[in-house]
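**Student:** Following this line is run09.cif, made up of mmCIF, C-alpha atoms; chains and numbers go by the auth columns:
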data_query
#
loop_
_atom_site.group_PDB
_atom_site.id
_atom_site.type_symbol
_atom_site.label_atom_id
_atom_site.label_comp_id
_atom_site.label_asym_id
_atom_site.label_seq_id
_atom_site.Cartn_x
_atom_site.Cartn_y
_atom_site.Cartn_z
_atom_site.B_iso_or_equiv
_atom_site.auth_seq_id
_atom_site.auth_asym_id
ATOM 1 C CA MET A 1 10.619 9.391 2.844 0.00 7 A
ATOM 2 C CA ARG A 2 10.616 8.689 -0.857 0.00 8 A
ATOM 3 C CA LYS A 3 11.836 5.608 -2.702 0.00 9 A
ATOM 4 C CA PRO A 4 15.415 6.859 -3.355 0.00 10 A
ATOM 5 C CA GLU A 5 15.825 7.754 0.307 0.00 11 A
ATOM 6 C CA LEU A 6 14.448 4.355 1.337 0.00 12 A
ATOM 7 C CA SER A 7 16.849 2.630 -1.082 0.00 13 A
ATOM 8 C CA ALA A 8 19.787 4.509 0.400 0.00 14 A
ATOM 9 C CA ALA A 9 18.770 3.641 3.975 0.00 15 A
ATOM 10 C CA ILE A 10 18.306 -0.051 3.135 0.00 16 A
ATOM 11 C CA ALA A 11 21.604 -0.137 1.237 0.00 17 A
ATOM 12 C CA GLU A 12 23.445 1.306 4.217 0.00 18 A
ATOM 13 C CA GLN A 13 21.782 -0.979 6.768 0.00 19 A
ATOM 14 C CA ALA A 14 22.096 -4.191 4.738 0.00 20 A
ATOM 15 C CA GLY A 15 25.474 -3.507 3.143 0.00 21 A
ATOM 16 C CA LEU A 16 24.079 -3.470 -0.393 0.00 22 A
ATOM 17 C CA THR A 17 24.521 -1.088 -3.277 0.00 23 A
ATOM 18 C CA ARG A 18 21.751 1.425 -3.845 0.00 24 A
ATOM 19 C CA GLU A 19 20.888 -0.306 -7.118 0.00 25 A
ATOM 20 C CA LYS A 20 20.485 -3.696 -5.393 0.00 26 A
ATOM 21 C CA ALA A 21 18.399 -2.116 -2.619 0.00 27 A
ATOM 22 C CA SER A 22 16.197 -0.481 -5.254 0.00 28 A
ATOM 23 C CA GLU A 23 15.751 -3.849 -7.001 0.00 29 A
ATOM 24 C CA VAL A 24 14.704 -5.417 -3.679 0.00 30 A
ATOM 25 C CA ILE A 25 12.149 -2.665 -3.058 0.00 31 A
ATOM 26 C CA ASN A 26 10.769 -3.081 -6.590 0.00 32 A
ATOM 27 C CA ALA A 27 10.506 -6.855 -6.136 0.00 33 A
ATOM 28 C CA VAL A 28 8.653 -6.469 -2.828 0.00 34 A
ATOM 29 C CA THR A 29 6.190 -3.909 -4.187 0.00 35 A
ATOM 30 C CA ASP A 30 5.635 -5.991 -7.346 0.00 36 A
ATOM 31 C CA GLN A 31 4.798 -9.072 -5.254 0.00 37 A
ATOM 32 C CA ILE A 32 2.449 -7.111 -2.972 0.00 38 A
ATOM 33 C CA THR A 33 0.720 -5.662 -6.050 0.00 39 A
ATOM 34 C CA ALA A 34 0.375 -9.096 -7.688 0.00 40 A
ATOM 35 C CA ALA A 35 -1.055 -10.659 -4.519 0.00 41 A
ATOM 36 C CA ALA A 36 -3.548 -7.805 -4.089 0.00 42 A
ATOM 37 C CA ALA A 37 -4.594 -8.143 -7.748 0.00 43 A
ATOM 38 C CA ARG A 38 -5.380 -11.820 -7.061 0.00 44 A
ATOM 39 C CA GLY A 39 -7.449 -10.782 -4.039 0.00 45 A
ATOM 40 C CA ASP A 40 -5.014 -12.226 -1.488 0.00 46 A
ATOM 41 C CA ASP A 41 -4.210 -10.595 1.858 0.00 47 A
ATOM 42 C CA ILE A 42 -0.565 -9.742 2.494 0.00 48 A
ATOM 43 C CA SER A 43 0.471 -10.041 6.126 0.00 49 A
ATOM 44 C CA LEU A 44 3.858 -8.776 7.300 0.00 50 A
ATOM 45 C CA ILE A 45 4.060 -9.751 10.967 0.00 51 A
ATOM 46 C CA GLY A 46 4.811 -6.744 13.154 0.00 52 A
ATOM 47 C CA PHE A 47 4.390 -4.302 10.264 0.00 53 A
ATOM 48 C CA GLY A 48 0.803 -4.740 9.100 0.00 54 A
ATOM 49 C CA THR A 49 -1.661 -6.336 6.726 0.00 55 A
ATOM 50 C CA PHE A 50 -2.691 -5.236 3.249 0.00 56 A
ATOM 51 C CA SER A 51 -6.150 -6.449 2.267 0.00 57 A
ATOM 52 C CA VAL A 52 -8.496 -5.983 -0.673 0.00 58 A
ATOM 53 C CA ARG A 53 -11.747 -4.322 0.337 0.00 59 A
ATOM 54 C CA LYS A 54 -14.941 -4.101 -1.689 0.00 60 A
ATOM 55 C CA ARG A 55 -16.851 -0.854 -2.027 0.00 61 A
ATOM 56 C CA GLU A 56 -20.529 -1.177 -2.808 0.00 62 A
ATOM 57 C CA ALA A 57 -22.185 0.864 -5.550 0.00 63 A
ATOM 58 C CA ARG A 58 -23.631 4.076 -4.196 0.00 64 A
ATOM 59 C CA SER A 59 -25.073 7.371 -5.278 0.00 65 A
ATOM 60 C CA GLY A 60 -23.143 10.604 -4.973 0.00 66 A
ATOM 61 C CA ARG A 61 -23.329 14.219 -6.067 0.00 67 A
ATOM 62 C CA ASN A 62 -21.443 16.101 -8.746 0.00 68 A
ATOM 63 C CA PRO A 63 -19.946 18.997 -6.744 0.00 69 A
ATOM 64 C CA GLN A 64 -20.139 21.419 -9.704 0.00 70 A
ATOM 65 C CA THR A 65 -23.742 20.832 -10.728 0.00 71 A
ATOM 66 C CA GLY A 66 -25.242 19.182 -7.664 0.00 72 A
ATOM 67 C CA ALA A 67 -26.657 16.443 -9.890 0.00 73 A
ATOM 68 C CA THR A 68 -26.999 12.956 -8.424 0.00 74 A
ATOM 69 C CA ILE A 69 -24.672 10.411 -10.023 0.00 75 A
ATOM 70 C CA GLN A 70 -24.276 6.677 -9.602 0.00 76 A
ATOM 71 C CA ILE A 71 -20.830 5.544 -8.400 0.00 77 A
ATOM 72 C CA ALA A 72 -19.976 2.000 -9.497 0.00 78 A
ATOM 73 C CA ALA A 73 -18.835 -0.733 -7.116 0.00 79 A
ATOM 74 C CA SER A 74 -15.066 -1.057 -6.893 0.00 80 A
ATOM 75 C CA LYS A 75 -12.228 -2.646 -4.986 0.00 81 A
ATOM 76 C CA THR A 76 -9.521 -0.866 -3.021 0.00 82 A
ATOM 77 C CA VAL A 77 -6.535 -1.871 -0.922 0.00 83 A
ATOM 78 C CA GLY A 78 -6.632 -1.203 2.795 0.00 84 A
ATOM 79 C CA PHE A 79 -3.813 -1.313 5.300 0.00 85 A
ATOM 80 C CA LYS A 80 -4.084 -2.243 8.959 0.00 86 A
ATOM 81 C CA PRO A 81 -0.898 -1.508 10.906 0.00 87 A
ATOM 82 C CA GLY A 82 0.562 -4.190 13.166 0.00 88 A
ATOM 83 C CA LYS A 83 1.238 -3.774 16.873 0.00 89 A
ATOM 84 C CA ALA A 84 4.970 -3.138 16.462 0.00 90 A
ATOM 85 C CA LEU A 85 4.325 -0.356 13.935 0.00 91 A
ATOM 86 C CA LYS A 86 1.655 1.222 16.146 0.00 92 A
ATOM 87 C CA ASP A 87 3.964 1.088 19.149 0.00 93 A
ATOM 88 C CA ALA A 88 6.852 2.638 17.188 0.00 94 A
ATOM 89 C CA VAL A 89 4.660 5.520 16.032 0.00 95 A
ATOM 90 C CA ASN A 90 3.219 6.154 19.486 0.00 96 A
#
Write out the structure in this file as structure tokens.
**Tutor:**
Amino acid sequence: MRKPELSAAIAEQAGLTREKASEVINAVTDQITAAAARGDDISLIGFGTFSVRKREARSGRNPQTGATIQIAASKTVGFKPGKALKDAVN
């Protein structure tokens, strides 16, 4: 499901226009992005938790040349699904 399809489904379920549903989706994703940028965890009970994870610096290999390269430390966002989401999928 892509964003336009999600907007249409939310609009139908909530009795909103597609434009309003799209604005709601944008607001939610903007707030999740802002919280993750601050390093905060985002917990949506029953759905799951988004959390910022740290990756340590490590060495890797260039697949074309086989040369060893140093990969810098970085941060990434992880997602842990909640029980309700797991149950719905299974």
**Student:** So what do you get for CA of Ala15 (chain A) versus CA of Asp47 (chain A), distance-wise?
**Tutor:** 27.1 Å
**Student:** Which of these residues is nearest to Arg24 (chain A), using all atoms listed in the file: A:Gly54, A:Arg61, A:Leu12, A:Gly66?
**Tutor:**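 Nearest candidate to Arg24 (chain A) out of A:Gly54, A:Arg61, A:Leu12, A:Gly66: A:Leu12.
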**Student:** Tell me which of A:Ala14, A:Lys9, A:Ser28, A:Gly88 sits closest to Gly52 (chain A), counting all atoms listed in the file.
**Tutor:**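 Among the listed residues, the smallest separation from Gly52 (chain A) belongs to A:Gly88.
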**Student:** Would you kindly return, as a PDB file with C-alpha atoms, in the coordinates of the input, each protein, DNA or RNA residue with an atom no farther than 12 Å from any atom of Arg44 (chain A), considering all atoms listed in the file and excluding same-chain residues fewer than 3 positions away?
**Tutor:**
ATOM      1  CA  GLN A  37       4.798  -9.072  -5.254  1.00  0.00           C
ATOM      2  CA  ILE A  38       2.449  -7.111  -2.972  1.00  0.00           C
ATOM      3  CA  THR A  39       0.720  -5.662  -6.050  1.00  0.00           C
ATOM      4  CA  ALA A  40       0.375  -9.096  -7.688  1.00  0.00           C
ATOM      5  CA  ALA A  41      -1.055 -10.659  -4.519  1.00  0.00           C
ATOM      6  CA  ASP A  47      -4.210 -10.595   1.858  1.00  0.00           C
ATOM      7  CA  ILE A  48      -0.565  -9.742   2.494  1.00  0.00           C
ATOM      8  CA  SER A  57      -6.150  -6.449   2.267  1.00  0.00           C
ATOM      9  CA  VAL A  58      -8.496  -5.983  -0.673  1.00  0.00           C
ATOM     10  CA  LYS A  81     -12.228  -2.646  -4.986  1.00  0.00           C
ATOM     11  CA  VAL A  83      -6.535  -1.871  -0.922  1.00  0.00           C
TER      12      VAL A  83
END
**Student:** By how many Å are CA of Ala78 (chain A) and CA of Arg64 (chain A) apart?
**Tutor:**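 Computed distance, CA of Ala78 (chain A) to CA of Arg64 (chain A), equals 6.8 Å.
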**Student:** Within 10 Å of Ser80 (chain A), counting all atoms listed in the file, which residues qualify if same-chain residues fewer than 4 places away don't, as a list in words?
**Tutor:**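 Answer for this query is Arg59, Lys60, Arg61, Glu62 and Ala63 of chain A.
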**Student:** Take the residues from that selection and write them out as an mmCIF file, keeping the file's coordinate frame, keeping C-alpha atoms.
**Tutor:**
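Okay, part_9.cif is ready:
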data_model
loop_
_atom_site.group_PDB
_atom_site.id
_atom_site.type_symbol
_atom_site.label_atom_id
_atom_site.label_comp_id
_atom_site.auth_asym_id
_atom_site.auth_seq_id
_atom_site.Cartn_x
_atom_site.Cartn_y
_atom_site.Cartn_z
ATOM 1 C CA ARG A 59 -11.747 -4.322 0.337
ATOM 2 C CA LYS A 60 -14.941 -4.101 -1.689
ATOM 3 C CA ARG A 61 -16.851 -0.854 -2.027
ATOM 4 C CA GLU A 62 -20.529 -1.177 -2.808
ATOM 5 C CA ALA A 63 -22.185 0.864 -5.550
#
**Student:** Report, as JSON, the centre and edge lengths in Å (one decimal) of the axis-aligned box enclosing every listed atom of region 49-64 of chain A, padded by 4 Å on each side.
**Tutor:**
{"center_x": -9.4, "center_y": -3.0, "center_z": 3.8, "size_x": 36.4, "size_y": 22.1, "size_z": 26.7}
**Student:** To one decimal place, how far is CA of Phe56 (chain A) from CA of Lys86 (chain A) in Å?
**Tutor:**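 Rounded to one decimal, the two atoms are 6.6 Å apart.
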**Student:** Of the candidates A:Ala79, A:Ser65, A:Asn32, A:Ile51, which shows the shortest atom-to-atom distance to Leu91 (chain A), using only C-alpha atoms?
**Tutor:**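 When distances to Leu91 (chain A) are compared using only C-alpha atoms, the smallest one comes from A:Ile51.
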**Student:** Please write as a PyMOL selection string the full residue list that the PyMOL selection byres ((chain A and resi 27) around 10) yields on this file.
**Tutor:** chain A and resi 10+12-18+20-26+28-33
**Student:** I need the residue nearest Asp93 (chain A) from this list: A:Asp46, A:Ala73, A:Phe53, A:Asn68. Use only C-alpha atoms for the distance.
**Tutor:**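 Answer, going by the shortest atom-to-atom distance: A:Phe53.
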**Student:** Of the candidates A:Gln76, A:Gln70, A:Met7, A:Gly84, which one gets nearest to Ala42 (chain A) if we count only C-alpha atoms?
**Tutor:**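 Result for the nearest residue to Ala42 (chain A): A:Gly84.
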